[in-house]
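Q: Take this structure first; my questions come after.
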Amino acid sequence: CGVYGVTGLPEAANFVALGLHALQHRGQEAGGIVSYDPDTGFNSARRFGYVRDNFTKASLMETLPGTVAIGHVRYSTAGKKGAAIRDVQPFFGEFSMGGAAIAHNGNITNAEELRHDLIERGSIFQSSSDTECIIHLMARSMAKSIPDRMEDALRRVEGAFSIVAMTRTKLMGVRDALGVRPLVLGQFGDGWVLSSETCALDIIGARFVREIEPGEMVVISADGSLESRRPFRPKASRSCIFEHVYFSRPDSILGGRSVYETRRQIGVELAREAPVEADLVCPVPDSGTPAAIGYAAESGIPFGLGITRNQYMGRTFIEPTEQIRNMGVRLKLNVNRALIAGKRVILVDDSVVRGTTSQKIREMILDAGAKEVHFRIASPPTAWPCFYGVDTPERSKLLAANMTEDEMCAHLNVDSLKFISLDGLYRAVGEANGRDPKAPQYCDACFSGEYPVAPSDMIAKGFTV
Ligand code: 5GP
Ligand code: SF4
Ligand code: MG
């Protein structure tokens with residue numbers, strides 16, 4: 001998901017709509033905006049579909065007045081498939097000291113336990129979302145201010161969260177102690193901006209100030225003053241390494257690094273680790289493109305756009321049902337026969353999850369007359385599900401959980417298949433000595449199976465780590 005917040009700017013909701021549009025790659029199912037205006041109070045609009053189809057209409061934007069607003073773009077993660085408007089964020093709660101709205105990116109790993117507990121004690125849930133627990137925990141807190149109540153609530157919550165929240169007068173941003181999901185701070189004139197990624201600061205012309213640090217909470221008041229708090233016990237950060245590979249936009253700055261440059265470097269590492277003789281390096285668009293550029297540069301094999309993406313389709317993976325996903329590849333990608341025919345082709349993609357994308361692409365490439373097909377993958381084999389806010393299927397559906405690299409190669413029926421090593425990936429994100437096995441610098445649980453936060457709800461259901 002993507003989160004965005006603005007304070008100190010007239011018509012704040014318009015800026016939020018633009019920010020969410022730039023974060024659309026983080027979630028395409030639905031979007032929502034809440035704003036506050038002294039005359040009309042809190043207002044909200046939550047809609048299914050793209051931001052550009054919902055939040056540019058003057059009629060809708062006029063219902064969201066005020067100088068403080070937050071927003072959210074949603075993609076549902078494991079266990080909560082399907083669409084219900086009551087699950088679309090931001091969520092709103094009314095407390096004795098006034099209202100508050102919150103938007104959350106990540107996943108609370110003890111949400112089911114918390115929900116059960118809260119319901120036993122009288123909380124009435126409105127949605128099926130893990131995020132709603134935070135509102136109820138805030139309602140039960142005895143603290144005197146909303147930011148203090150949010151601190152109280154978040155200390156009970158386990159897992160990954162980057163949160164943007166607001167009261168009548170304040171904008172707040174928080175990252176969990178490990179900083180799994182990103183969150184950045186920007187400045188625009190007299191106003192402040194919080195965003196999942198820097199590309200959504202660029203869209204409104206805001207200046208990137210810094211990242212919100214892991215375990216940090218910022219509280220920005222109406223007068224523009226910013227207070228930084230430390231609600232959690234300090235821990236070594238474990239931000240999501242997959243943001244660098246796939247999730248973030250290549251024009252964002254993440255952890256002080258250009259995402260594009262990291263991806264290009266992954267391609268360079270991959271060419272060193274897994275060279276092969278071929279005629280063409282071709283990206284699987286769009287997520288494989290920077291890595292393919294790096295692979296081609298390092299190997300000296302020509303780069304070419306052998307696959308064209310229909311720009312009007314969303315990310316296939318994000319379509320929630322298997323059936324749509326299966327069709328999706330052909331709806332979205334087509335092979336450039338004139339370029340591919342007769343060639344030995346290296347296809348570079350960001351990841352193999354179920355293997356459906358790779359299988360369809362192999363078929364399409366061979367239909368177009370390729371002589372050989374070699375897959376090079378910009379992440380290590382995805383052998384474990386993510387419980388921190390990226391949608392991966394259950395373990396049994398992950399190709400790499402059930403097969404060795406050779407078996408996957410045979411299953412996909414390609415001439416060769418190689419994944420970047422975990423150390424190679426760490427080198428590409430700037431860790432010259434690779435992964436520190438005693439204290440890994442990132443979360444890489446979907447590749448290593450080492451979960452930095454025990455997924456307690458899943459463990460209660462029998463998942464073994
Ligand atoms: P598969 O077809 O192997 O199940 O999925 C792999 C494809 O899904 C890749 O091309 C990748 O770009 C795309 N993808 C989209 N969203 C995600 C995600 O959240 N995780 C992973 N690992 N891949 C994703
Ligand atoms: Fe990122 Fe993978 Fe960790 Fe999930 S499990 S937070 S996708 S590195
Ligand atoms: Mg892809």
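Ordered as shown in the structure tokens, chains take letters A, B, and onward, while each chain numbers its residues from 1 and ligands are numbered from 1 in the order shown.
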Got a sec to tell me which of segment 112-190 of chain A DSSP assigns to strand (DSSP E or B), as an NGL selection string?
A: :A and (159-166 or 171-175 or 184-188)
Q: Dump C-alpha atoms for the selected residues as a CSV table (one decimal), in the first residue's frame?
A:
chain,number,residue,atom,x,y,z
A,159,GLY,CA,4.8,-6.4,12.7
A,160,ALA,CA,5.4,-3.9,10.0
A,161,PHE,CA,3.9,-0.4,9.9
A,162,SER,CA,4.5,2.9,8.2
A,163,ILE,CA,1.6,5.1,9.3
A,164,VAL,CA,0.3,8.5,8.4
A,165,ALA,CA,-2.3,9.9,10.7
A,166,MET,CA,-4.1,13.2,11.5
A,171,LEU,CA,-0.2,15.4,11.0
A,172,MET,CA,1.7,12.4,12.3
A,173,GLY,CA,4.0,9.8,10.8
A,174,VAL,CA,5.4,6.6,12.4
A,175,ARG,CA,7.6,3.7,11.4
A,184,VAL,CA,9.7,9.9,4.0
A,185,LEU,CA,9.3,13.6,5.0
A,186,GLY,CA,9.1,16.5,2.6
A,187,GLN,CA,8.6,20.2,2.7
A,188,PHE,CA,6.6,22.3,0.3
Q: How would you report the residues lying within 10 Å of ligand 3, as a list in words, if you count only C-alpha atoms and all ligand atoms?
A: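 Taking only C-alpha atoms and all ligand atoms into account, the residues around ligand 3 at most 10 Å away are Tyr246, Pro283, Val284, Pro285, Asp286, Ser287, Gly288, Thr289, Arg315, Thr316, Phe317, Val329, Val348, Asp349, Asp350, Ser351, Val352, Thr357 and Ser358 of chain A.
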Q: So the first atom is atom 17 (C, counted along the ligand's line) of ligand 1 and the second is atom CA of Ile459 of chain A; what is the distance between them in Å, to one decimal place?
A: 23.5 Å
Q: Show me, as a PDB file with C-alpha atoms, in the first residue's frame, the residues that have an atom within 8 Å of Val157 of chain A when counting only C-alpha atoms, minus same-chain residues fewer than 3 positions from it.
A:
ATOM      1  CA  ILE A 108       0.208  -6.278  11.857  1.00  0.00           C
ATOM      2  CA  THR A 109       1.372  -9.797  12.660  1.00  0.00           C
ATOM      3  CA  ASN A 110      -0.587 -10.118  15.916  1.00  0.00           C
ATOM      4  CA  ALA A 111      -3.774  -8.498  14.577  1.00  0.00           C
ATOM      5  CA  ILE A 134      -4.980   0.550  16.211  1.00  0.00           C
ATOM      6  CA  ALA A 153      -1.586   1.613  20.824  1.00  0.00           C
ATOM      7  CA  LEU A 154       1.465   0.998  18.650  1.00  0.00           C
TER       8      LEU A 154
END
Q: Please extract the residues of segment 262-444 of chain A with a backbone DSSP assignment of alpha helix (DSSP H) and present them as JSON, numbers by chain.
A: {"A": [262, 263, 264, 265, 266, 267, 268, 269, 270, 271, 272, 273, 289, 290, 291, 292, 293, 294, 295, 296, 297, 298, 299, 322, 323, 324, 325, 326, 327, 328, 329, 330, 331, 332, 337, 338, 339, 340, 356, 357, 358, 359, 360, 361, 362, 363, 364, 365, 366, 367, 399, 400, 401, 402, 405, 406, 407, 408, 409, 410, 411, 412, 422, 423, 424, 425, 426, 427, 428]}
Q: How would you write, as a list in words, the set of residues no farther than 7 Å from ligand 2 when counting only C-alpha atoms and all ligand atoms?
A: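 Sorted by chain and then by number, the residues are Val180, Cys240, Ile241, Phe242, Glu243, Pro385, Cys386, Phe387, Tyr388, Gly389, Val390, Cys443, Asp444, Ala445, Cys446 and Phe447 of chain A.
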Q: Kindly export the residues of the current selection with N, CA and C atoms, as a PDB file, in the first residue's frame.
A:
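Full text of part_17.pdb as output:
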ATOM      1  N   VAL A 180      10.481  -1.550   8.533  1.00  0.00           N
ATOM      2  CA  VAL A 180      10.293  -2.488   7.426  1.00  0.00           C
ATOM      3  C   VAL A 180       9.771  -1.769   6.176  1.00  0.00           C
ATOM      4  N   CYS A 240      12.765  -3.488   4.288  1.00  0.00           N
ATOM      5  CA  CYS A 240      12.414  -4.524   3.303  1.00  0.00           C
ATOM      6  C   CYS A 240      13.348  -4.442   2.097  1.00  0.00           C
ATOM      7  N   ILE A 241      14.098  -5.502   1.830  1.00  0.00           N
ATOM      8  CA  ILE A 241      15.030  -5.458   0.695  1.00  0.00           C
ATOM      9  C   ILE A 241      14.266  -5.554  -0.630  1.00  0.00           C
ATOM     10  N   PHE A 242      13.067  -6.111  -0.569  1.00  0.00           N
ATOM     11  CA  PHE A 242      12.279  -6.277  -1.796  1.00  0.00           C
ATOM     12  C   PHE A 242      11.735  -4.939  -2.330  1.00  0.00           C
ATOM     13  N   GLU A 243      11.659  -3.923  -1.458  1.00  0.00           N
ATOM     14  CA  GLU A 243      11.311  -2.579  -1.947  1.00  0.00           C
ATOM     15  C   GLU A 243      12.325  -2.150  -3.004  1.00  0.00           C
ATOM     16  N   PRO A 385       6.570 -16.906   2.375  1.00  0.00           N
ATOM     17  CA  PRO A 385       5.616 -15.798   2.263  1.00  0.00           C
ATOM     18  C   PRO A 385       6.043 -14.579   3.070  1.00  0.00           C
ATOM     19  N   CYS A 386       5.611 -13.419   2.608  1.00  0.00           N
ATOM     20  CA  CYS A 386       5.824 -12.179   3.365  1.00  0.00           C
ATOM     21  C   CYS A 386       4.629 -11.965   4.289  1.00  0.00           C
ATOM     22  N   PHE A 387       4.899 -11.651   5.543  1.00  0.00           N
ATOM     23  CA  PHE A 387       3.806 -11.314   6.475  1.00  0.00           C
ATOM     24  C   PHE A 387       3.856  -9.845   6.870  1.00  0.00           C
ATOM     25  N   TYR A 388       4.589  -9.050   6.092  1.00  0.00           N
ATOM     26  CA  TYR A 388       4.800  -7.651   6.470  1.00  0.00           C
ATOM     27  C   TYR A 388       4.269  -6.670   5.441  1.00  0.00           C
ATOM     28  N   GLY A 389       3.268  -7.095   4.670  1.00  0.00           N
ATOM     29  CA  GLY A 389       2.608  -6.124   3.818  1.00  0.00           C
ATOM     30  C   GLY A 389       2.873  -6.261   2.327  1.00  0.00           C
ATOM     31  N   VAL A 390       3.579  -7.314   1.896  1.00  0.00           N
ATOM     32  CA  VAL A 390       3.680  -7.594   0.466  1.00  0.00           C
ATOM     33  C   VAL A 390       2.926  -8.888   0.218  1.00  0.00           C
ATOM     34  N   CYS A 443      15.400  -6.795   6.044  1.00  0.00           N
ATOM     35  CA  CYS A 443      14.478  -7.931   6.065  1.00  0.00           C
ATOM     36  C   CYS A 443      14.613  -8.617   4.715  1.00  0.00           C
ATOM     37  N   ASP A 444      14.819  -9.933   4.744  1.00  0.00           N
ATOM     38  CA  ASP A 444      14.866 -10.715   3.511  1.00  0.00           C
ATOM     39  C   ASP A 444      14.135 -12.038   3.716  1.00  0.00           C
ATOM     40  N   ALA A 445      13.131 -12.015   4.602  1.00  0.00           N
ATOM     41  CA  ALA A 445      12.464 -13.244   5.032  1.00  0.00           C
ATOM     42  C   ALA A 445      11.881 -14.037   3.869  1.00  0.00           C
ATOM     43  N   CYS A 446      11.379 -13.352   2.832  1.00  0.00           N
ATOM     44  CA  CYS A 446      10.762 -14.096   1.729  1.00  0.00           C
ATOM     45  C   CYS A 446      11.800 -14.916   0.954  1.00  0.00           C
ATOM     46  N   PHE A 447      13.073 -14.572   1.122  1.00  0.00           N
ATOM     47  CA  PHE A 447      14.148 -15.343   0.482  1.00  0.00           C
ATOM     48  C   PHE A 447      14.843 -16.285   1.461  1.00  0.00           C
TER      49      PHE A 447
END
Q: If you count only C-alpha atoms, which residues fall within 10 Å of Glu394 of chain A, apart from same-chain ones fewer than 3 positions away, as a list in words?
A: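 Counting only C-alpha atoms, the residues come to Ala78, Gly79, Ala383, Trp384, Pro385, Cys386, Asp391, Lys397, Leu398 and Ala401 of chain A.
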Q: Counting only C-alpha atoms and all ligand atoms, which residue out of A:Arg149, A:Arg155, A:Arg86, A:Lys360 sits closest to ligand 1?
A: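 For ligand 1, the nearest of the given residues is A:Lys360.
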Q: Got a sec: who's within 10 Å of Ser128 of chain A, counting only C-alpha atoms, leaving out chain neighbours fewer than 3 positions off, as an MDAnalysis selection string?
A: chainID A and resid 79:80 84 86:88 112 115 125 131:133
Q: Could you write those residues out with C-alpha atoms, as a JSON list (two decimals), in the first residue's frame?
A:
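The new file out12.json reads:
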[["chain", "number", "residue", "atom", "x", "y", "z"],
["A", 79, "GLY", "CA", -5.88, -13.49, 4.01],
["A", 80, "LYS", "CA", -8.01, -10.49, 3.13],
["A", 84, "ALA", "CA", -15.34, -4.31, 0.67],
["A", 86, "ARG", "CA", -15.45, -0.82, 4.72],
["A", 87, "ASP", "CA", -11.86, -2.11, 4.39],
["A", 88, "VAL", "CA", -10.70, 0.91, 2.40],
["A", 112, "GLU", "CA", -5.97, -11.56, 15.02],
["A", 115, "ARG", "CA", -8.87, -8.27, 17.51],
["A", 125, "PHE", "CA", -15.13, -3.64, 14.62],
["A", 131, "THR", "CA", -5.31, -1.54, 10.87],
["A", 132, "GLU", "CA", -8.59, -1.04, 12.71],
["A", 133, "CYS", "CA", -7.04, -2.62, 15.83]]
Q: Could you check the closest approach to Gly355 of chain A for each of A:Pro381, A:Pro231, A:Gly462, A:Gly342 and tell me which residue wins, using only C-alpha atoms?
A: A:Pro381
Q: To one decimal place, how far is atom CA of Glu363 of chain A from atom CA of Ile266 of chain A in Å?
A: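 The value is 25.7 Å.
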